[in-house]
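Novice: My structure file query_36.txt, compact mmCIF, N, CA and C atoms and all ligand atoms, is below:
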# COMPACT_ATOMS: atom_id res chain seq x y z
N MET A 61 0.83 -1.20 0.00
CA MET A 61 0.00 0.00 0.00
C MET A 61 0.87 1.26 0.00
N GLU A 62 2.18 1.11 -0.07
CA GLU A 62 3.06 2.27 0.07
C GLU A 62 2.81 3.32 -1.01
N LYS A 63 2.55 2.85 -2.26
CA LYS A 63 2.36 3.81 -3.34
C LYS A 63 1.11 4.66 -3.16
N HIS A 64 0.18 4.21 -2.31
CA HIS A 64 -1.03 4.99 -2.06
C HIS A 64 -0.72 6.29 -1.34
N ASN A 65 0.48 6.39 -0.77
CA ASN A 65 0.82 7.61 -0.04
C ASN A 65 1.22 8.75 -0.97
N GLN A 66 1.33 8.45 -2.25
CA GLN A 66 1.60 9.53 -3.21
C GLN A 66 0.39 9.70 -4.11
N CYS A 67 0.00 10.94 -4.30
CA CYS A 67 -1.18 11.23 -5.12
C CYS A 67 -0.86 11.03 -6.60
N PRO A 68 -1.67 10.25 -7.33
CA PRO A 68 -1.42 10.05 -8.76
C PRO A 68 -1.77 11.27 -9.60
N GLU A 69 -2.48 12.21 -9.03
CA GLU A 69 -2.88 13.42 -9.77
C GLU A 69 -1.81 14.50 -9.70
N CYS A 70 -1.36 14.83 -8.49
CA CYS A 70 -0.45 15.97 -8.31
C CYS A 70 0.89 15.55 -7.73
N ALA A 71 1.06 14.26 -7.47
CA ALA A 71 2.30 13.71 -6.90
C ALA A 71 2.56 14.22 -5.48
N GLY A 72 1.54 14.81 -4.88
CA GLY A 72 1.68 15.23 -3.48
C GLY A 72 1.75 14.02 -2.56
N THR A 73 2.28 14.22 -1.38
CA THR A 73 2.44 13.09 -0.45
C THR A 73 1.56 13.25 0.78
N ARG A 74 0.69 14.25 0.78
CA ARG A 74 -0.19 14.43 1.95
C ARG A 74 -1.54 13.75 1.70
N VAL A 75 -1.48 12.44 1.54
CA VAL A 75 -2.69 11.65 1.30
C VAL A 75 -3.15 11.05 2.63
N HIS A 76 -4.41 11.23 2.94
CA HIS A 76 -4.98 10.71 4.18
C HIS A 76 -6.02 9.65 3.85
N SER A 77 -6.13 8.65 4.70
CA SER A 77 -7.07 7.57 4.42
C SER A 77 -7.99 7.34 5.61
N HIS A 78 -9.15 6.79 5.30
CA HIS A 78 -10.16 6.46 6.32
C HIS A 78 -10.78 5.13 5.93
N GLY A 79 -10.62 4.12 6.76
CA GLY A 79 -11.14 2.79 6.45
C GLY A 79 -12.54 2.59 7.01
N GLY A 80 -13.17 1.51 6.56
CA GLY A 80 -14.44 1.09 7.14
C GLY A 80 -15.63 1.96 6.79
N ILE A 81 -15.54 2.71 5.70
CA ILE A 81 -16.66 3.56 5.31
C ILE A 81 -17.69 2.74 4.54
N SER A 82 -18.93 2.83 4.96
CA SER A 82 -19.99 2.04 4.35
C SER A 82 -20.18 2.40 2.89
N ALA A 83 -20.37 1.38 2.06
CA ALA A 83 -20.61 1.62 0.64
C ALA A 83 -22.09 1.88 0.36
N GLY A 84 -22.89 2.08 1.37
CA GLY A 84 -24.28 2.45 1.21
C GLY A 84 -25.21 1.27 1.41
N GLY A 85 -26.39 1.36 0.79
CA GLY A 85 -27.41 0.36 1.00
C GLY A 85 -28.49 0.92 1.90
N GLY A 86 -29.56 0.18 2.07
CA GLY A 86 -30.69 0.71 2.81
C GLY A 86 -31.35 1.81 2.01
N TYR A 87 -31.37 3.02 2.55
CA TYR A 87 -32.00 4.14 1.85
C TYR A 87 -31.04 4.85 0.91
N ALA A 88 -29.77 4.51 0.99
CA ALA A 88 -28.76 5.14 0.13
C ALA A 88 -28.40 4.18 -0.99
N PRO A 89 -27.85 4.69 -2.08
CA PRO A 89 -27.36 3.78 -3.12
C PRO A 89 -26.29 2.85 -2.55
N ASN A 90 -26.25 1.65 -3.06
CA ASN A 90 -25.22 0.71 -2.62
C ASN A 90 -24.18 0.60 -3.74
N TYR A 91 -22.99 1.08 -3.45
CA TYR A 91 -21.94 1.10 -4.48
C TYR A 91 -21.16 -0.20 -4.57
N LEU A 92 -21.38 -1.10 -3.62
CA LEU A 92 -20.71 -2.41 -3.68
C LEU A 92 -21.76 -3.51 -3.53
N PRO A 93 -22.74 -3.57 -4.45
CA PRO A 93 -23.81 -4.56 -4.30
C PRO A 93 -23.27 -5.98 -4.29
N GLY A 94 -23.79 -6.77 -3.39
CA GLY A 94 -23.42 -8.18 -3.33
C GLY A 94 -22.09 -8.45 -2.65
N LEU A 95 -21.41 -7.42 -2.17
CA LEU A 95 -20.07 -7.63 -1.61
C LEU A 95 -20.02 -7.42 -0.09
N GLY A 96 -21.17 -7.18 0.50
CA GLY A 96 -21.21 -7.07 1.95
C GLY A 96 -21.72 -8.36 2.56
N THR A 97 -22.25 -8.26 3.77
CA THR A 97 -22.86 -9.41 4.41
C THR A 97 -24.36 -9.15 4.50
N PHE A 98 -25.09 -10.11 5.04
CA PHE A 98 -26.53 -9.92 5.20
C PHE A 98 -26.82 -8.71 6.09
N PHE A 99 -25.94 -8.47 7.04
CA PHE A 99 -26.19 -7.43 8.04
C PHE A 99 -25.57 -6.08 7.72
N SER A 100 -24.58 -6.05 6.86
CA SER A 100 -23.95 -4.75 6.57
C SER A 100 -23.44 -4.72 5.14
N SER A 101 -23.37 -3.51 4.59
CA SER A 101 -22.91 -3.36 3.22
C SER A 101 -21.40 -3.50 3.15
N GLY A 102 -20.90 -3.56 1.91
CA GLY A 102 -19.46 -3.59 1.72
C GLY A 102 -18.82 -2.31 2.24
N LYS A 103 -17.52 -2.37 2.44
CA LYS A 103 -16.82 -1.22 3.01
C LYS A 103 -15.75 -0.69 2.07
N PHE A 104 -15.56 0.61 2.15
CA PHE A 104 -14.49 1.27 1.42
C PHE A 104 -13.40 1.76 2.37
N THR A 105 -12.18 1.81 1.87
CA THR A 105 -11.19 2.72 2.43
C THR A 105 -11.12 3.89 1.46
N VAL A 106 -11.26 5.09 1.96
CA VAL A 106 -11.24 6.28 1.14
C VAL A 106 -9.94 7.04 1.37
N ARG A 107 -9.31 7.44 0.27
CA ARG A 107 -8.06 8.21 0.37
C ARG A 107 -8.26 9.56 -0.28
N VAL A 108 -7.90 10.60 0.47
CA VAL A 108 -8.07 11.97 -0.01
C VAL A 108 -6.72 12.67 0.00
N CYS A 109 -6.41 13.33 -1.12
CA CYS A 109 -5.17 14.09 -1.21
C CYS A 109 -5.41 15.48 -0.61
N ALA A 110 -4.59 15.85 0.38
CA ALA A 110 -4.76 17.15 1.03
C ALA A 110 -4.32 18.29 0.12
N ASP A 111 -3.59 18.00 -0.92
CA ASP A 111 -3.10 19.06 -1.81
C ASP A 111 -4.09 19.39 -2.92
N CYS A 112 -4.60 18.38 -3.64
CA CYS A 112 -5.48 18.67 -4.78
C CYS A 112 -6.91 18.19 -4.55
N GLY A 113 -7.13 17.38 -3.53
CA GLY A 113 -8.48 16.94 -3.23
C GLY A 113 -8.91 15.67 -3.94
N LEU A 114 -8.04 15.11 -4.75
CA LEU A 114 -8.41 13.86 -5.41
C LEU A 114 -8.84 12.84 -4.36
N THR A 115 -9.97 12.20 -4.59
CA THR A 115 -10.53 11.25 -3.64
C THR A 115 -10.66 9.89 -4.32
N ARG A 116 -10.10 8.88 -3.69
CA ARG A 116 -10.13 7.54 -4.27
C ARG A 116 -10.83 6.58 -3.31
N PHE A 117 -11.60 5.66 -3.91
CA PHE A 117 -12.32 4.67 -3.12
C PHE A 117 -11.72 3.29 -3.39
N TYR A 118 -11.39 2.57 -2.33
CA TYR A 118 -10.85 1.22 -2.46
C TYR A 118 -11.78 0.26 -1.72
N ALA A 119 -12.23 -0.76 -2.42
CA ALA A 119 -13.05 -1.78 -1.76
C ALA A 119 -12.20 -2.52 -0.73
N SER A 120 -12.82 -2.84 0.40
CA SER A 120 -12.10 -3.51 1.48
C SER A 120 -11.66 -4.91 1.02
N PRO A 121 -10.68 -5.49 1.69
CA PRO A 121 -10.28 -6.86 1.34
C PRO A 121 -11.43 -7.86 1.42
N GLU A 122 -12.33 -7.66 2.40
CA GLU A 122 -13.48 -8.57 2.54
C GLU A 122 -14.39 -8.45 1.32
N ALA A 123 -14.62 -7.22 0.85
CA ALA A 123 -15.47 -7.03 -0.33
C ALA A 123 -14.79 -7.58 -1.57
N ARG A 124 -13.49 -7.36 -1.70
CA ARG A 124 -12.77 -7.83 -2.89
C ARG A 124 -12.75 -9.35 -2.97
N ALA A 125 -12.73 -9.99 -1.81
CA ALA A 125 -12.69 -11.45 -1.79
C ALA A 125 -13.96 -12.06 -2.38
N LYS A 126 -15.04 -11.29 -2.39
CA LYS A 126 -16.32 -11.81 -2.90
C LYS A 126 -16.54 -11.51 -4.37
N LEU A 127 -15.67 -10.68 -4.96
CA LEU A 127 -15.91 -10.24 -6.34
C LEU A 127 -16.01 -11.38 -7.33
N ARG A 128 -15.06 -12.30 -7.27
CA ARG A 128 -14.96 -13.31 -8.31
C ARG A 128 -16.20 -14.20 -8.38
N ASP A 129 -16.78 -14.51 -7.24
CA ASP A 129 -17.92 -15.41 -7.22
C ASP A 129 -19.26 -14.68 -7.18
N SER A 130 -19.21 -13.36 -7.23
CA SER A 130 -20.46 -12.60 -7.15
C SER A 130 -21.16 -12.57 -8.50
N LYS A 131 -22.49 -12.80 -8.48
CA LYS A 131 -23.28 -12.72 -9.72
C LYS A 131 -23.57 -11.27 -10.09
N ASP A 132 -23.36 -10.35 -9.14
CA ASP A 132 -23.64 -8.94 -9.41
C ASP A 132 -22.54 -8.24 -10.19
N TRP A 133 -21.38 -8.88 -10.31
CA TRP A 133 -20.23 -8.24 -10.93
C TRP A 133 -19.69 -9.10 -12.07
N ARG A 134 -19.33 -8.43 -13.15
CA ARG A 134 -18.68 -9.15 -14.23
C ARG A 134 -17.29 -8.57 -14.45
N ARG A 135 -16.44 -9.36 -15.00
CA ARG A 135 -15.07 -8.92 -15.19
C ARG A 135 -14.97 -7.99 -16.39
N GLY A 136 -14.18 -6.95 -16.28
CA GLY A 136 -13.92 -6.07 -17.40
C GLY A 136 -14.71 -4.78 -17.33
ZN ZN B 1 -3.15 15.40 -5.15
What does this structure look like when you write it as structure tokens?

Specialist:
Amino acid sequence: MEKHNQCPECAGTRVHSHGGISAGGGYAPNYLPGLGTFFSSGKFTVRVCADCGLTRFYASPEARAKLRDSKDWRRG
């Protein structure tokens, strides 16, 4: 994850991250359908560059582990 500390937009190094952010569901759109559990939606780690504001969303390892066998997602 070391390269995540540099912003791909401005090459700044003041990138901050926040894990465990809900991907939605319920009354909100669900951005990771089929990748959560019955009780909770999938999770993102969000990284924001303090210099240019570029914001990136990374699916959690738990969500990514379900991608290949999920009927909601296709490759490509
Ligand atoms: Zn940046």

Novice: Could you state the separation of atom CA of A:Phe99 and atom CA of A:Gly86 in Å, given to one decimal place?

Specialist: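 Interatomic distance here is 10.7 Å.
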
Novice: Using atom N of A:Trp133 and atom N of A:Pro68 as the two end points, give the distance in Å to one decimal.

Specialist: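 These atoms are spaced 27.6 Å apart.
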
Novice: Taking into account only C-alpha atoms and all ligand atoms, which residue in the set A:Gly72, A:Gly102, A:Pro121, A:Gly84 is nearest to ligand ZN 1 (chain B)?

Specialist: A:Gly72

Novice: Please compute the atom C of A:Glu122-atom CA of A:Ser77 distance, one decimal, in Å.

Specialist: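 So the answer is 17.9 Å.
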
Novice: Per DSSP on the backbone, filter chain A down to the residues in alpha helix (DSSP H) and report them as an mmCIF file with N, CA and C atoms, in the coordinates of the input.

Specialist:
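The resulting file, out-v7.cif, is shown below:
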data_model
loop_
_atom_site.group_PDB
_atom_site.id
_atom_site.type_symbol
_atom_site.label_atom_id
_atom_site.label_comp_id
_atom_site.auth_asym_id
_atom_site.auth_seq_id
_atom_site.Cartn_x
_atom_site.Cartn_y
_atom_site.Cartn_z
ATOM 1 N N PRO A 121 -10.680 -5.490 1.690
ATOM 2 C CA PRO A 121 -10.280 -6.860 1.340
ATOM 3 C C PRO A 121 -11.430 -7.860 1.420
ATOM 4 N N GLU A 122 -12.330 -7.660 2.400
ATOM 5 C CA GLU A 122 -13.480 -8.570 2.540
ATOM 6 C C GLU A 122 -14.390 -8.450 1.320
ATOM 7 N N ALA A 123 -14.620 -7.220 0.850
ATOM 8 C CA ALA A 123 -15.470 -7.030 -0.330
ATOM 9 C C ALA A 123 -14.790 -7.580 -1.570
ATOM 10 N N ARG A 124 -13.490 -7.360 -1.700
ATOM 11 C CA ARG A 124 -12.770 -7.830 -2.890
ATOM 12 C C ARG A 124 -12.750 -9.350 -2.970
ATOM 13 N N ALA A 125 -12.730 -9.990 -1.810
ATOM 14 C CA ALA A 125 -12.690 -11.450 -1.790
ATOM 15 C C ALA A 125 -13.960 -12.060 -2.380
#

Novice: Would you please give, as number ranges by chain, all residues of chain A that DSSP assigns to strand (DSSP E or B) based on the backbone?

Specialist: A: 75-82, 84-85, 88-90, 103-109, 115-119

Novice: Within 7 Å of ligand ZN 1 (chain B), counting only N, CA and C atoms and all ligand atoms: which residues, as a PyMOL selection string?

Specialist: chain A and resi 66-73+108-114

Novice: Which is closer to A:Gly94 than all the others in A:Leu127, A:Val106, A:Ala119, A:Val75, using all atoms listed in the file?

Specialist: A:Leu127

Novice: Would you compute the box with edges along x, y and z of the file around stretch 102-113 of chain A, including every atom the file lists for it and 6 Å extra on each side, and give its centre and edge lengths in Å to one decimal, as lines of an AutoDock Vina configuration file?

Specialist:
center_x = -12.0
center_y = 7.9
center_z = -0.9
size_x = 29.8
size_y = 35.0
size_z = 19.8

Novice: From the set A:Gly136, A:Pro89, A:Gly79, A:Gly96, which residue has the shortest atom-to-atom contact distance to A:Arg124, counting only C-alpha atoms?

Specialist: A:Gly96

Novice: From the options A:Tyr87, A:Arg74, A:Ile81, A:Leu95, which residue's atoms come nearest to A:Asp129, counting only C-alpha atoms?

Specialist: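 Result for the nearest residue to A:Asp129: A:Leu95.
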
Novice: Choose the residue, out of A:Thr105, A:Ser100, A:Asn65, A:Ser82, that has the smallest atom-to-atom separation from A:Tyr118; count only C-alpha atoms.

Specialist: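 Selected residue with least distance to A:Tyr118: A:Thr105.
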
Novice: Return the single residue from A:Lys126, A:Arg135, A:Arg116, A:Lys103 that is closest to A:Gly85, with distances computed using only C-alpha atoms.

Specialist: A:Lys103
